[in-house]
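K.L.:
Here it is, the structure in full.
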Amino acid sequence: MIVVKDLVKTFDGFRALDGISLTVPTGSVYGLVGPNGAGKSTLIRNILGIYKEDGGSITIDNIPAWENEDVKARLASIPDDWFFFLNSTIKEMKDFYKGVYPNFSEERYEKLKEAFPIDEKKQIRHLSKGMQKQVAFWLALSTMPDYLILDEPVDGLDPVMRRQVWSLMMNDVAERGTTVLVSSHNLRELEDVCDHVGIMNKGKLLLERDLSSLQDNIIKLQVAFEEGVTELPEALNKELSILHLSKHGRVFTIIVHHSAKEAEEILKPYNPILVDAIPLTMEEIFVYELGGENYEVKEIIL
Ligand code: ADP
Ligand code: MG
């Protein structure tokens, strides 16, 4: 578990991180979302021990992260300005990683070769940007990390490559229980992969949510009743916890704060002729959960 508490990082008096707190639970895929300049990279560099905090604390499995070699050996990262020694080949880079990461697995590296059809003997500067990113993943996953820390990892990648990168990451999560912290300026990019989301702006965390519990408890229903019923029955209106309601012909689209099962049970006595429960996208969940409030968050995610 990564716990960041009241973290402050200043650059010439400017508070890039302004007392931010967040928790990345073990085994979660935590999406850190915020606009450019929010402080995502600064936060990640602090977690990786590249920057020293000016206030507050960071612990990884209860151990302060700063200058702790044991903790660092369990973290693999892909920073946004990540670069290889460009004249090296992939193979040479691998040997370098082997020297730095005690858990580096040659076996894993060989196995992952199938996922990356890139010639190991090639100099890294001769690879395209997207291929370099793949190499970064290849090496990071070969270090057998407990924590994978990714700063806008799919920025600039085409959709095929993006899927490849996510699927590798998710495999690692499923097989090894790797904890992932991944940043993006775009909530939509993280939609399919994250189970926790933190929204940040101006060096602060605006909100933090466990999506799995949200997704189970907010649902979009499409409901229709027998002919002649043009308004939602008053009693039903009271019984359902409605976040949003619209009507198209005879079909009501209702966003409710219930599980699908709960909602169906409430609806049953009203004899609907149609009930369809549709899961919400991450974006919709935030919009409806926040209601009319929190314009700052809405501006960031929409
Ligand atoms: P993000 O990754 O969310 O786009 P950053 O963490 O890169 O944001 O930057 C947050 C703020 O801190 C920005 O205003 C940026 O200009 C400032 N900043 C980041 N790194 C430095 C630095 N090394 N020196 C001075 N200012 C910095
Ligand atoms: Mg950044």
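Chain labels A, B, ... are given in the sequence in which chains occur in the structure tokens; within each chain residues are numbered consecutively from 1, and ligands are likewise numbered from 1 in the order shown.
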Within 10 Å of ligand 2, counting only C-alpha atoms and all ligand atoms, which protein or nucleic acid residues do you find, written as a list in words?
P.N.:
Gly34, Pro35, Asn36, Gly37, Ala38, Gly39, Lys40, Ser41, Thr42, Leu43, Ile44, Arg45, Pro79, Asp80, Asp81, Asp151, Glu152, Ser183, Ser184 and His185 of chain A
K.L.:
For stretch 275-283 of chain A, find every residue with an atom within 6 Å (counting only C-alpha atoms), except residues of its own chain fewer than 4 positions away, and show them as JSON, numbers by chain.
P.N.:
{"A": [191, 219, 220, 221, 222, 223]}
K.L.:
I need the residues from that last selection saved to file as a CSV table (one decimal), in the first residue's frame (with N, CA, C and O atoms), if you can.
P.N.:
```csv
chain,number,residue,atom,x,y,z
A,191,GLU,N,-10.4,4.3,-18.2
A,191,GLU,CA,-11.7,3.7,-17.9
A,191,GLU,C,-11.7,2.2,-17.7
A,191,GLU,O,-12.3,1.7,-16.8
A,219,ILE,N,-26.6,2.7,-11.4
A,219,ILE,CA,-27.0,1.9,-12.6
A,219,ILE,C,-28.0,2.8,-13.5
A,219,ILE,O,-28.7,3.6,-12.9
A,220,LYS,N,-27.9,2.5,-14.8
A,220,LYS,CA,-28.8,3.2,-15.7
A,220,LYS,C,-29.9,2.2,-16.0
A,220,LYS,O,-29.6,1.1,-16.5
A,221,LEU,N,-31.1,2.6,-15.8
A,221,LEU,CA,-32.3,1.7,-16.2
A,221,LEU,C,-33.0,2.3,-17.3
A,221,LEU,O,-33.2,3.5,-17.4
A,222,GLN,N,-33.4,1.4,-18.2
A,222,GLN,CA,-34.4,1.8,-19.2
A,222,GLN,C,-35.7,1.0,-18.9
A,222,GLN,O,-35.7,-0.2,-18.8
A,223,VAL,N,-36.7,1.7,-18.7
A,223,VAL,CA,-38.0,1.1,-18.2
A,223,VAL,C,-39.2,1.7,-19.0
A,223,VAL,O,-39.2,2.8,-19.3
```
K.L.:
Find, counting only C-alpha atoms and all ligand atoms, the residue in A:Val100, A:Leu17, A:Leu236, A:Val71 that gets nearest to ligand 1.
P.N.:
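Closest to ligand 1, using only C-alpha atoms and all ligand atoms: A:Leu17.
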K.L.:
Skip stretch 94-99 of chain A itself and residues of its chain fewer than 4 positions away, then list as a list in words all residues within 9 Å of it, counting only C-alpha atoms.
P.N.:
Thr89, Ile90, Asn103, Phe104, Ser105, Glu106, Tyr109, Leu139, Ala140, Ser142 and Thr143 of chain A
K.L.:
Counting only C-alpha atoms and all ligand atoms, which residue out of A:Val33, A:Ala76, A:Leu127, A:Ile301 sits closest to ligand 1?
P.N.:
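Smallest separation from ligand 1 among the options: A:Val33.
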K.L.:
Near A:Ala224, counting only C-alpha atoms, which residues have an atom at most 6 Å away, once you skip same-chain residues fewer than 4 positions from it, shown as a VMD selection string?
P.N.:
chain A and resid 250 to 251 272 to 274
K.L.:
Limited to N, CA, C and O atoms, could you put the picked residues into a file as an mmCIF file, in the first residue's frame?
P.N.:
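The resulting selection-v4.cif:
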```cif
data_model
loop_
_atom_site.group_PDB
_atom_site.id
_atom_site.type_symbol
_atom_site.label_atom_id
_atom_site.label_comp_id
_atom_site.auth_asym_id
_atom_site.auth_seq_id
_atom_site.Cartn_x
_atom_site.Cartn_y
_atom_site.Cartn_z
ATOM 1 N N ARG A 250 -42.156 6.234 -24.748
ATOM 2 C CA ARG A 250 -42.649 5.565 -23.534
ATOM 3 C C ARG A 250 -41.532 5.043 -22.651
ATOM 4 O O ARG A 250 -41.790 4.442 -21.611
ATOM 5 N N VAL A 251 -40.300 5.228 -23.128
ATOM 6 C CA VAL A 251 -39.182 4.650 -22.377
ATOM 7 C C VAL A 251 -38.553 5.690 -21.444
ATOM 8 O O VAL A 251 -38.130 6.754 -21.875
ATOM 9 N N PRO A 272 -43.537 -3.413 -14.962
ATOM 10 C CA PRO A 272 -42.988 -2.809 -16.179
ATOM 11 C C PRO A 272 -42.958 -3.828 -17.311
ATOM 12 O O PRO A 272 -42.815 -5.034 -17.064
ATOM 13 N N ILE A 273 -43.137 -3.362 -18.537
ATOM 14 C CA ILE A 273 -43.037 -4.304 -19.655
ATOM 15 C C ILE A 273 -41.607 -4.356 -20.187
ATOM 16 O O ILE A 273 -41.253 -5.218 -20.967
ATOM 17 N N LEU A 274 -40.800 -3.423 -19.738
ATOM 18 C CA LEU A 274 -39.381 -3.433 -20.121
ATOM 19 C C LEU A 274 -38.540 -2.943 -18.949
ATOM 20 O O LEU A 274 -38.838 -1.899 -18.356
#
```
K.L.:
Using only C-alpha atoms, which of the listed residues (A:Glu53, A:Leu190, A:Lys247, A:Phe116) sits closest to A:Arg15?
P.N.:
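That would be A:Glu53, the residue with the smallest distance to A:Arg15.
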K.L.:
What does the structure give for the distance between atom CA of A:Val173 and atom CA of A:Glu284, in Å to one decimal?
P.N.:
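According to the coordinates, atom CA of A:Val173 and atom CA of A:Glu284 are separated by 25.6 Å.
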K.L.:
Stretch 58-288 of chain A: which residues are strand (DSSP E) by DSSP, as an mmCIF file with C-alpha atoms, in the first residue's frame?
P.N.:
```
data_model
loop_
_atom_site.group_PDB
_atom_site.id
_atom_site.type_symbol
_atom_site.label_atom_id
_atom_site.label_comp_id
_atom_site.auth_asym_id
_atom_site.auth_seq_id
_atom_site.Cartn_x
_atom_site.Cartn_y
_atom_site.Cartn_z
ATOM 1 C CA ILE A 58 5.225 8.865 1.687
ATOM 2 C CA THR A 59 5.263 5.294 2.905
ATOM 3 C CA ILE A 60 5.242 2.097 0.893
ATOM 4 C CA ILE A 63 8.173 2.045 5.200
ATOM 5 C CA PRO A 64 9.261 5.612 4.397
ATOM 6 C CA LEU A 75 9.124 -0.475 -7.688
ATOM 7 C CA ALA A 76 9.278 -0.336 -11.460
ATOM 8 C CA SER A 77 8.400 2.823 -13.258
ATOM 9 C CA ILE A 78 7.899 4.390 -16.604
ATOM 10 C CA TYR A 147 4.568 -1.786 -7.660
ATOM 11 C CA LEU A 148 4.285 -0.487 -11.182
ATOM 12 C CA ILE A 149 4.269 3.290 -11.453
ATOM 13 C CA LEU A 150 3.368 4.709 -14.821
ATOM 14 C CA ASP A 151 3.295 8.371 -15.791
ATOM 15 C CA THR A 179 -0.184 -2.779 -7.502
ATOM 16 C CA VAL A 180 -0.391 -0.114 -10.196
ATOM 17 C CA LEU A 181 -0.395 3.658 -10.008
ATOM 18 C CA VAL A 182 -1.039 5.162 -13.422
ATOM 19 C CA SER A 183 -1.519 8.801 -14.333
ATOM 20 C CA SER A 184 -3.364 10.389 -17.220
ATOM 21 C CA HIS A 196 -9.623 3.297 -7.998
ATOM 22 C CA VAL A 197 -9.494 6.852 -9.206
ATOM 23 C CA GLY A 198 -8.111 10.033 -7.704
ATOM 24 C CA ILE A 199 -8.831 13.363 -9.337
ATOM 25 C CA MET A 200 -6.181 16.014 -8.758
ATOM 26 C CA ASN A 201 -5.728 19.659 -9.630
ATOM 27 C CA LYS A 204 -4.292 18.832 -4.400
ATOM 28 C CA LEU A 205 -6.518 15.782 -4.516
ATOM 29 C CA LEU A 206 -10.121 16.785 -5.168
ATOM 30 C CA LEU A 207 -11.634 13.371 -4.636
ATOM 31 C CA GLU A 208 -10.775 9.703 -4.465
ATOM 32 C CA ARG A 209 -13.143 6.843 -5.269
ATOM 33 C CA ASP A 210 -13.273 3.062 -5.237
ATOM 34 C CA ILE A 219 -26.978 1.948 -12.604
ATOM 35 C CA LYS A 220 -28.797 3.194 -15.665
ATOM 36 C CA LEU A 221 -32.251 1.710 -16.165
ATOM 37 C CA GLN A 222 -34.424 1.768 -19.211
ATOM 38 C CA VAL A 223 -37.986 1.146 -18.179
ATOM 39 C CA ALA A 224 -41.349 1.155 -19.932
ATOM 40 C CA ILE A 242 -33.109 8.739 -8.609
ATOM 41 C CA LEU A 243 -30.090 10.733 -9.737
ATOM 42 C CA HIS A 244 -31.365 11.544 -13.183
ATOM 43 C CA LEU A 245 -34.529 10.952 -15.176
ATOM 44 C CA SER A 246 -35.356 11.453 -18.831
ATOM 45 C CA LYS A 247 -38.077 10.165 -21.128
ATOM 46 C CA HIS A 248 -38.082 9.217 -24.749
ATOM 47 C CA VAL A 251 -39.182 4.650 -22.377
ATOM 48 C CA PHE A 252 -37.846 6.190 -19.182
ATOM 49 C CA THR A 253 -34.101 6.374 -18.750
ATOM 50 C CA ILE A 254 -33.383 6.530 -15.049
ATOM 51 C CA ILE A 255 -30.056 6.696 -13.300
ATOM 52 C CA VAL A 256 -30.427 5.332 -9.812
ATOM 53 C CA LEU A 274 -39.381 -3.433 -20.121
ATOM 54 C CA VAL A 275 -36.508 -3.234 -17.651
ATOM 55 C CA ASP A 276 -32.992 -2.966 -18.917
ATOM 56 C CA ALA A 277 -30.103 -2.306 -16.564
ATOM 57 C CA ILE A 278 -27.021 -0.841 -18.193
ATOM 58 C CA PRO A 279 -23.726 -0.202 -16.397
#
```
